[in-house]
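J.: Can you read through this structure? Questions will come right after.
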Amino acid sequence: MTLAGGELLRELGAVVEAAGGGTARLAIDRERVQLRGVRDSINGGIVAALAEAAFRVCLEVLLEPGERLGRTQEVTVAYLSAARGERTTFEARLLRKGRRLAVGEVEVRDAGSGELNAKAQVSCALVPAPPPA
């Protein structure tokens, strides 16, 4: 399976630590991220992009036959503290999966201290998969 956001994850050095059962966890070492934010933290745009990627990984393992991920409909992020830890995790959890839309939340945390850095809500469209060739 090719995971959602695979190219972004590879480029940033993020790893999928777990995926299944309506959850997924990504992690990234801060030293791998060259684009920095406030007080040498991971840039907020990178945090948002990885939160979205974590939710898409969460969804990808739940897709039914004939179903595929569509566009991301919305991402909202509440930045609570700077992501300055050596390693940051992105824990995604499915809240609801309907026929055409799935909604989830992602908690961004410092892996060492457990401090909550950000909380995101993501919604993605679900679309029919193209018929096999």
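Each chain in the structure tokens gets a letter, A, B, ..., in the order shown, and its residues are numbered from 1; ligands are numbered from 1 in order too.
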Would you list the contacts of A:Glu107 as an NGL selection string, taking every protein, DNA or RNA residue within 12 Å and counting only C-alpha atoms, but skipping same-chain residues closer than 2 positions in sequence?
T.: :A and (23-27 or 47-48 or 50-52 or 54-55 or 76-80 or 83 or 88-94 or 104-105 or 109-111 or 114-122)
J.: Write the selection just made, keeping C-alpha atoms, as a PDB file, in the first residue's frame?
T.:
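Final output, saved to part.pdb:
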```pdb
ATOM      1  CA  THR A  23      -5.924   5.631  14.526  1.00  0.00           C
ATOM      2  CA  ALA A  24      -2.477   6.457  13.190  1.00  0.00           C
ATOM      3  CA  ARG A  25       0.691   7.872  14.688  1.00  0.00           C
ATOM      4  CA  LEU A  26       3.446   9.684  12.794  1.00  0.00           C
ATOM      5  CA  ALA A  27       6.667  10.956  14.303  1.00  0.00           C
ATOM      6  CA  VAL A  47       2.816  20.961  11.706  1.00  0.00           C
ATOM      7  CA  ALA A  48      -0.468  21.446   9.811  1.00  0.00           C
ATOM      8  CA  LEU A  50       1.868  16.525   8.969  1.00  0.00           C
ATOM      9  CA  ALA A  51      -1.378  16.588  10.962  1.00  0.00           C
ATOM     10  CA  GLU A  52      -3.293  16.289   7.688  1.00  0.00           C
ATOM     11  CA  ALA A  54      -1.486  11.604   9.815  1.00  0.00           C
ATOM     12  CA  PHE A  55      -5.261  11.696   9.383  1.00  0.00           C
ATOM     13  CA  THR A  76      -8.146  23.696  11.341  1.00  0.00           C
ATOM     14  CA  VAL A  77      -5.258  23.878  13.760  1.00  0.00           C
ATOM     15  CA  ALA A  78      -5.097  25.316  17.260  1.00  0.00           C
ATOM     16  CA  TYR A  79      -1.431  26.000  18.031  1.00  0.00           C
ATOM     17  CA  LEU A  80      -1.023  25.628  21.784  1.00  0.00           C
ATOM     18  CA  ALA A  83       6.863  22.143  18.824  1.00  0.00           C
ATOM     19  CA  THR A  88       7.210  15.253  17.790  1.00  0.00           C
ATOM     20  CA  THR A  89       4.300  12.846  17.349  1.00  0.00           C
ATOM     21  CA  PHE A  90       1.070  13.268  15.394  1.00  0.00           C
ATOM     22  CA  GLU A  91      -1.722  11.054  16.777  1.00  0.00           C
ATOM     23  CA  ALA A  92      -4.724  10.880  14.454  1.00  0.00           C
ATOM     24  CA  ARG A  93      -8.111   9.490  15.420  1.00  0.00           C
ATOM     25  CA  LEU A  94     -11.185   8.998  13.278  1.00  0.00           C
ATOM     26  CA  GLY A 104     -10.933  13.220  12.527  1.00  0.00           C
ATOM     27  CA  GLU A 105      -8.726  14.916  15.038  1.00  0.00           C
ATOM     28  CA  ARG A 109       2.793  16.295  21.098  1.00  0.00           C
ATOM     29  CA  ASP A 110       6.362  16.474  22.280  1.00  0.00           C
ATOM     30  CA  ALA A 111       7.295  12.787  22.439  1.00  0.00           C
ATOM     31  CA  GLY A 114       3.981  14.617  26.337  1.00  0.00           C
ATOM     32  CA  GLU A 115       3.253  18.362  26.101  1.00  0.00           C
ATOM     33  CA  LEU A 116       0.376  19.119  23.723  1.00  0.00           C
ATOM     34  CA  ASN A 117       1.721  21.412  20.977  1.00  0.00           C
ATOM     35  CA  ALA A 118      -1.314  21.594  18.695  1.00  0.00           C
ATOM     36  CA  LYS A 119      -4.721  20.103  18.054  1.00  0.00           C
ATOM     37  CA  ALA A 120      -6.090  19.769  14.525  1.00  0.00           C
ATOM     38  CA  GLN A 121      -9.412  18.801  13.017  1.00  0.00           C
ATOM     39  CA  VAL A 122      -9.334  17.405   9.482  1.00  0.00           C
TER      40      VAL A 122
END
```
J.: As a ChimeraX atom specification, please: every residue in chain A that a backbone DSSP assignment puts in strand (DSSP E or B).
T.: /A:15-20,23-29,36,42,67-79,87-97,101-110,116-128
J.: Name the residues in contact with A:Ala102 at a cut-off of 8 Å, using only C-alpha atoms, excluding same-chain residues fewer than 3 positions from it; report them as a PyMOL selection string.
T.: chain A and resi 59+94-98+123-126
J.: Using only C-alpha atoms, which residue out of A:Gly85, A:Gly112, A:Gly13, A:Pro130 lies closest to A:Ser41?
T.: A:Gly85
J.: Using only C-alpha atoms, which of the listed residues (A:Ser81, A:Glu11, A:Glu60, A:Pro128) sits closest to A:Val33?
T.: A:Glu11
J.: If you run DSSP on the backbone here, which positions in stretch 6-123 of chain A get alpha helix (DSSP H)? Please write them as a list in words.
T.: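 Put together, the selection reads Gly6, Glu7, Leu8, Leu9, Arg10, Glu11, Leu12, Gly44, Gly45, Ile46, Val47, Ala48, Ala49, Leu50, Ala51, Glu52, Ala53, Ala54, Phe55, Arg56, Val57, Cys58, Leu59 and Glu60 of chain A.
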J.: Just give me the gap between atom CA of A:Arg100 and atom CA of A:Leu9 in Å, one decimal is fine.
T.: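 Rounded to one decimal, the two atoms are 25.7 Å apart.
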J.: To one decimal place in Å, what is the distance between atom CA of A:Leu69 and atom CA of A:Arg30?
T.: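 Going from atom CA of A:Leu69 over to atom CA of A:Arg30, I get 28.6 Å.
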J.: Quick one, how far is atom CA of A:Val61 from atom CA of A:Ile42?
T.: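 Calculated distance between atom CA of A:Val61 and atom CA of A:Ile42 is 27.3 Å.
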